[in-house]
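What follows is a set of notes on a single structure, which appears directly below.
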Amino acid sequence: MPAMNMIQALNSALDVMLTKDPNVLTFGEDVGFFGGVFRVTDGLQKKHGLTRCFDTPIGEAGIVAVAIGMGAYGLRPVVEIQFADYIYPAYDQLVSEAARLRYRSAGDFTAPMTVRTPYGGGIFGGQTHSQSPEALFTHVAGLKTVVPSTPYDAKGLLIAAIEDDDPVIFLEPKRIYNGPFDGYHDRPVQPWAKHPASEVPEGHYTVPLGKAAVLREGNDLTVLAYGTMVHVALASAHDAGIDAEVIDLRTLVPVDIEAIVASVEKTGRCVILHEATRTSGYGAELVALVQEHCFHHLEAPIERVAGWDTPYPHAFEWDYFPGPKRVIEAMRRAMEA
Amino acid sequence: MPAMNMIQALNSALDVMLTKDPNVLTFGEDVGFFGGVFRVTDGLQKKHGLTRCFDTPIGEAGIVAVAIGMGAYGLRPVVEIQFADYIYPAYDQLVSEAARLRYRSAGDFTAPMTVRTPYGGGIFGGQTHSQSPEALFTHVAGLKTVVPSTPYDAKGLLIAAIEDDDPVIFLEPKRIYNGPFDGYHDRPVQPWAKHPASEVPEGHYTVPLGKAAVLREGNDLTVLAYGTMVHVALASAHDAGIDAEVIDLRTLVPVDIEAIVASVEKTGRCVILHEATRTSGYGAELVALVQEHCFHHLEAPIERVAGWDTPYPHAFEWDYFPGPKRVIEAMRRAMEA
Amino acid sequence: MKNRRPLSLRVPAPETRPGDEPDFSGVPLSGAGEVARPAIDVRPRDISELSYALIRVLDDEGRALGSWNPKLDPAVMKHGLKSMLVTRAYDDRMYRAQRQGKTSFYMKSTGEEAVSVGAAAVLERDDMCFPSYRQQGLLISRGYPLKTMMCQVYSNAEDPLKGRQLPIMYSSKEFGFFTISGNLGTQFPQAVGWAMASAYKGDDRIAASWVGEGTTAEGDFHHACNFASVYRAPVILNVVNNQWAISSYQGIAGGDEATFASRAIGYGLPGLRVDGNDFLAVYAVTQWAAERARANLGATLIEHYTFRAEGHSTSDDPNRYRPADAWKSWPLGDPIARLKKHLIAIKAWSEAEHEAAEKDAVEQVRAANKEAEAAGTLGTHPPSVKTMFEDVFKEMPWHIRRQRQEAGV
Amino acid sequence: MKNRRPLSLRVPAPETRPGDEPDFSGVPLSGAGEVARPAIDVRPRDISELSYALIRVLDDEGRALGSWNPKLDPAVMKHGLKSMLVTRAYDDRMYRAQRQGKTSFYMKSTGEEAVSVGAAAVLERDDMCFPSYRQQGLLISRGYPLKTMMCQVYSNAEDPLKGRQLPIMYSSKEFGFFTISGNLGTQFPQAVGWAMASAYKGDDRIAASWVGEGTTAEGDFHHACNFASVYRAPVILNVVNNQWAISSYQGIAGGDEATFASRAIGYGLPGLRVDGNDFLAVYAVTQWAAERARANLGATLIEHYTFRAEGHSTSDDPNRYRPADAWKSWPLGDPIARLKKHLIAIKAWSEAEHEAAEKDAVEQVRAANKEAEAAGTLGTHPPSVKTMFEDVFKEMPWHIRRQRQEAGV
Ligand SMILES: Cc1ncc(C[n+]2csc(CCOP(=O)(O)OP(=O)(O)O)c2C)c(N)n1
Ligand SMILES: Cc1ncc(C[n+]2csc(CCOP(=O)(O)OP(=O)(O)O)c2C)c(N)n1
Ligand SMILES: [Mg+2]
Ligand SMILES: [Mg+2]
């Protein structure tokens with residue numbers, strides 16, 4: 001089985017689906033000839049042809065609208081928004097249209113489409129190349145929101161998203177495109193090749209939407225995370241020497257409530273991590289769910305470690321990024337409360 | 001003191017500010033000659049002139065962008081988005097621009113502007129005239145979000161918003177424009193005239209942003225609400241015969257954490273209400289804040305009563321609207337847990 | 001360079017307001033048959049003057065003139081006339097139903113019936129229409145059951161949309177009628193995407209979409225034109241310039257500065273302006289655009305010049321912002337009267353037949369309404385509440401299932 | 001009607017790709033001085049051909065020809081030339097700084113310097129510029145300190161933006177330079193709003209904004225044109241058509257179907273296309289638009305026809321998607337060389353002076369960079385971390401204060 005980084009795994013998912021299903025096509029800014037600014041669509045135009053993988057005008061609303069129309073026709077478009085920070089112009093089409101088509105037409109029209117977009121910080125991208133807008137989608141009835149954390153999951157989840165009959169927002173943690181990042185920015189970066197989840201089958205497989213993964217079992221504390229923060233969680237649990245259970249949510253809506261409840265009922269303590277700004281982030285929903293389902297098991301306040309309620313400033317990459325120091329502090333607080 | 005309904009109070013706020021400050025102007029779809037589809041700007045063009053209150057093209061992004069440019073010039077524009085359901089095309093300008101200007105220019109440029117928009121259900125507006133998008137703004141660092149629940153507050157908060165140097169999203173609960181609605185849709189509707197908060201001074205006054213109001217004192221349970229739901233909360237507390245403290249948050253960001261904590265520390269129980277869809281709604285943030293600040297005082301899981309995670313369907317106005325029945329059930333659950 | 005004159009802000013305003021006499025002197029009135037029909041493979045830049053002219057076929061005497069005359073079989077025209085009559089009767093009936101409290105809301109298309117009925121006569125049944133909310137004429141022309149439309153308006157148990165949509169926001173894939181959105185303009189670039197999909201598949205279906213002149217100000221209008229141009233999508237982009245967007249006149253949308261048809265020029269698309277109250281002209285222009293699209297030559301933008309005869313919706317009173325009875329003096333007349341005159345002029349129709357057709361239209365509507373009302377009006381026989389929780393996703397996820405349980409349904 | 005030919009999807013592609021010889025045969029090359037300058041109060045529709053022509057003043061021999069010749073004082077031209085030289089030297093130095101790891105990112109304006117430097121020569125200091133990220137020439141022409149620009153690029157303690165913005169996203173109200181956004185196009189309608197505010201106040205200041213040709217596809221481009229037209233805003237809307245948007249050529253933005261200048265036509269705005277590498281032509285056209293705006297006649301759209309000589313940014317390698325060294329054969333040449341030739345032709349300049357000016361530019365940049373580096377490069381002397389929590393709001397609310405405490409700063 002070849003070792004793939006996340007970019008290669010995503011590319012492979014698209015390649016598999018373009019090969020398998022003539023109704024799959026992919027487009028977005030710079031995705032055609034060039035293969036995308038992060039190279040996720042590299043080689044696909046050459047292999048599958050100009051009409052199956054192509055460049056678009058710089059109009060995110062237009063890209064999504066066109067994909068909705070194509071979805072209604074019966075295609076399964078996969079569009080790329082170059083950075084999640086640039087998805088807002090398409091917000092109306094996503095919220096008012098993609099998410100609503102099935103409901104308002106009582107199933108007559110649907111928009112089976114996938115919106116891929118790189119998100120998150122850690123690359124010195126400044127405030128407009130670092131954002132994590134997942135909560136803006138989890139609030140919207142009718143959208144599924146998915147965030148992979150490894151090459152294996154990235155490919156399997158992307159294929160599942162493309163095959164899903166509902167619109168899926170597929171957020172790619174760009175910090176870990178090339179290697180798992182544990183938040184210790186001053187240590188050498190590992191390539192994916194050294195990580196078991198870089199073993200990615202060449203062909204078709206899926207990782208089901210709506211299912212979390214327990215990446216580390218533990219009895220004392222539950223950590224809920226997704227994307228890059230999964231790796232920060234693992235490193236932090238290890239370094240803090242805490243018997244923490246680390247759950248990679250993978251899908252935010254619909255979330256795997258059973259996995260969450262099973263773990264928190266066991267541990268009685270919970271720390272929630274994300275890069276997005278804290279206030280009204282997806283962490284708030286997780287806190288609400290955990291306290292609603294596990295109130296009588298909770299032994300300490302649920303902790304949130306998140307991006308600060310400020311934009312993501314260029315000079316302060318590591319002061320902003322919720323790294324191991326803050327995560328470990330929160331774990332200790334949760335353990336000591 | 002004249003009795004005003006909420007529309008008249010908002011109109012009076014605009015009139016006072018147009019009179020007082022030549023840098024204040026107001027515009028939006030149908031707000032000029034006609035005075036707005038809800039008549040909030042009625043008579044203002046005639047009184048203050050064509051350039052101070054005017055119609056715009058139907059382009060919400062353009063309306064907000066133009067207001068940002070005007071704000072940067074030194075004006076204090078107040079724009080109307082005809083329904084909150086139509087604010088999404090302007091989302092990028094609000095999130096990426098209005099909210100960020102001060103920060104990214106280190107205070108060199110600012111956008112002192114107010115975006116008024118009617119929100120919420122209860123008027124048989126169907127899925128695109130009933131939405132409550134507040135959580136999409138509370139997540140955005142740099143925006144203040146305000147929701148009045150009475151004519152007195154509406155005027156005082158709107159003046160405070162216009163005078164505020166930061167961009168403010170001002171959500172107007174359209175169901176209670178003409179009278180306080182307690183959620184009992186099958187009972188006769190009261191006009192504002194019978195409500196003490198319809199006594200509105202004619203001139204200038206403010207209700208400060210960031211300060212909640214305790215509208216009903218109680219010892220057993222804290223209810224957090226805003227907008228229309230405040231009236232549902234009051235009626236429900238009364239009808240359930242529960243000694244509930246009802247807090248009208250008025251400003252969602254920055255929220256009055258002191259008022260919340262003081263109340264929940266006293267009561268130990270908390271029910272949170274909103275019309276917006278439940279998942280990742282602003283209620284989730286309130287749950288998170290309450291459990292973070294008051295964990296050791298909590299005697300029962302915090303309850304959320306909210307809109308269902310579906311669009312707001314035309315035929316099911318009262319099945320969707322979180323009315324007294326559901327609120328009382330939640331109060332009882334919180335009391336009995 | 002200093003010592004400059006102060007600037008001033010221009011806010012456009014219409015010529016007339018309530019109390020004034022309507023003034024339609026600005027309405028372009030090229031004579032019927034005056035504008036020549038170019039070949040469908042013309043270079044758009046060579047026909048930019050068509051964006052400023054007004055393509056008209058029917059003259060005041062009911063004659064069909066010029067190279068745009070589609071020379072239709074009388075049967076096609078009669079079907080068009082009858083469809084317009086039914087549309088008008090339907091609008092009147094539903095308007096009254098709203099006034100009677102049987103539903104919450106209604107929007108008429110009175111005065112603009114030719115825009116949708118004319119297009120329906122050209123498009124194939126498997127072409128897809130992406131309408132705004134004033135193209136009920138498309139469904140009616142295509143024979144969609146009136147009763148079903150009414151059940152939608154009444155949000156009753158037989159509403160195919162299960163009471164979820166505001167009245168008039170129909171949807172029928174079978175009848176090539178895309179689900180109407182409450183959000184203006186969103187369907188315009190979606191139609192382009194649908195058309196691109198047809199081209200991508202090597203199929204032969206085309207798409208058409210409609211927005212009001214007010215809606216051209218939305219960003220989605222721009223995206224539609226731009227994507228249609230870049231990918232040469234087989235789509236017809238219609239702007240219905242009925243002069244008003246709720247209370248704001250077309251100048252607020254930019255119409256005083258250039259025609260809406262001329263927006264096409266900057267995208268390299270043909271932009272045609274047509275007398276929207278002339279069934280034959282609407283037919284001809286739509287046909288030209290459809291042929292062009294089917295020949296893989298791409299999209300056309302059509303501005304239908306017409307007038308919103310009544311209020312914007314049942315929530316609106318136009319007498320607050322424009323002269324009363326403005327429609328009566330609208331120089332392009334009534335599309336029904338004009339097509340009727342033509343059919344009579346060519347002796348394919350008579351006053352008596354017309355009267356009978358009018359009665360028949362009213363009767364069809366009455367009969368359908370009786371059935372629809374029997375199935376329930378707003379609030380009397382709603383769909384089952386549990387359907388409220390369905391179709392958010394294909395499979396109901398746990399959290400919605402739980403909410404349905406909480407609702408006890 | 002059936003039995004129709006299958007449709008096919010057209011995806012535009014450029015003439016040449018890596019490995020091919022650059023082919024610029026499509027570049028419009030009207031001769032210098034050929035296009036006549038209309039009066040500023042011309043009706044836009046009467047000059048629509050200017051959207052397709054190319055306004056040029058300087059010919060290949062360095063002569064300034066025709067009615068667009070602004071007949072500038074040599075001092076103005078020399079200031080322009082020197083500003084372009086400094087801009088190019090600055091770009092080179094900062095590009096190297098990024099390659100040396102002193103910052104994370106940089107974007108050059110090489111080959112397009114005349115676009116911003118030419119405009120800067122026309123606009124008053126109290127007019128407001130709403131730039132994209134390739135108009136550093138505006139700041140440099142206006143005498144903004146190079147060192148301060150560099151401190152921004154280095155996100156160091158002397159960065160006036162406190163390390164918050166990506167390199168090159170300058171902001172200076174004092175120098176009439178609006179805070180640059182990472183989000184493309186958002187500033188275009190904001191400039192219109194700013195201009196409307198000036199008109200509203202009865203002031204005499206005008207605004208100008210710039211977007212790339214790729215960015216014209218955003219909805220905000222449409223909003224800017226439309227609001228500018230409706231309210232007759234005193235604003236100059238510039239489209240810098242440098243042929244490329246990262247890896248996609250101008251055809252993907254619609255440029256194969258119509259010129260970007262012609263987008264103006266549908267809004268009733270004048271749309272001028274100018275040789276963007278001709279300092280005098282850029283000056284003249286900007287001056288025409290500025291005069292028009294100051295005379296309360298409203299907005300102008302200008303397409304600057306130019307070429308992005310280098311990569312999109314330091315993150316880009318243009319040789320992956322276009323022929324290597326494409327700029328070398330760009331038929332409109334190098335704006336610096338062309339203005340130099342003209343100044344020498346009119347004997348206001350010499351090779352020796354030019355060489356000295358070039359050296360001086362490099363030296364100014366070198367000196368400024370020394371100072372800037374002394375104040376820190378990315379990560380070495382950052383602003384105080386506690387500033388990260390400031391300026392989200394005017395007053396810091398409790399939750400941000402608490403987060404600052406949690407951060408321990
Ligand atoms: C995005 C959005 N903004 C605003 C509205 C409110 N609205 C509904 S209809 C309308 C006027 C539309 O006018 P026009 O496009 O001319 O269409 P017409 O009603 O004349 O057919 C407005 C402003 C809306 N539905 N959607
Ligand atoms: C809304 C948005 N979408 C996408 C991007 C990513 N992006 C940055 S520059 C660029 C290309 C812009 O091309 P053009 O407008 O021609 O300007 P140029 O770089 O040529 O000056 C893109 C796609 C962005 N910054 N903002
Ligand atoms: Mg209209
Ligand atoms: Mg470009």
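Residue numbering restarts at 1 in every chain; chains get A, B, ... in the order shown in the structure tokens, and ligands count up from 1 in that same order.
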All residues having an atom within 6 Å of ligand 3 (only C-alpha atoms and all ligand atoms) as a ChimeraX atom specification:
/C:212-214,241-245
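For chain B, the residues having at least one atom no farther than 6 Å from chain A, when counting only C-alpha atoms, are Tyr88, Pro89, Asp92, Leu136, His139, Ala141, Thr279, Ser280, Ala284, Glu285, Val287, Ala288, Glu292, Phe295, Pro301, Asp309 and Thr310 of chain B.
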Residue contacts of range 170-187 of chain D (9 Å, only C-alpha atoms) excluding same-chain residues fewer than 6 positions away, as JSON, numbers by chain
{"A": [58, 85, 86, 126, 127, 128, 129], "B": [65, 69, 72, 92, 93, 96, 97, 101, 104, 105, 106, 108, 109], "D": [124, 125, 126, 127, 128, 129, 130, 131, 132, 133, 136, 138, 139, 142, 143, 144, 149, 152, 153, 160, 161, 209, 210, 211, 212, 215, 216, 217, 218, 219, 220, 221, 224]}
May I ask you to extract the residues of chain D within 7 Å of chain C, using only C-alpha atoms, and to give them as a ChimeraX atom specification?
/D:4-12,196,199-200,202-204,217,219-220,222-223,226,229-232,252,254,257-260,262-268,294,296
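CA of Met94 in chain D sits 11.3 Å away from CA of Ala368 in chain D.
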Which of range 119-289 of chain B DSSP labels strand (DSSP E or B), written as a VMD selection string:
chain B and resid 119 144 to 146 168 to 173 199 213 to 216 221 to 225 244 to 248 251 to 253 270 to 277
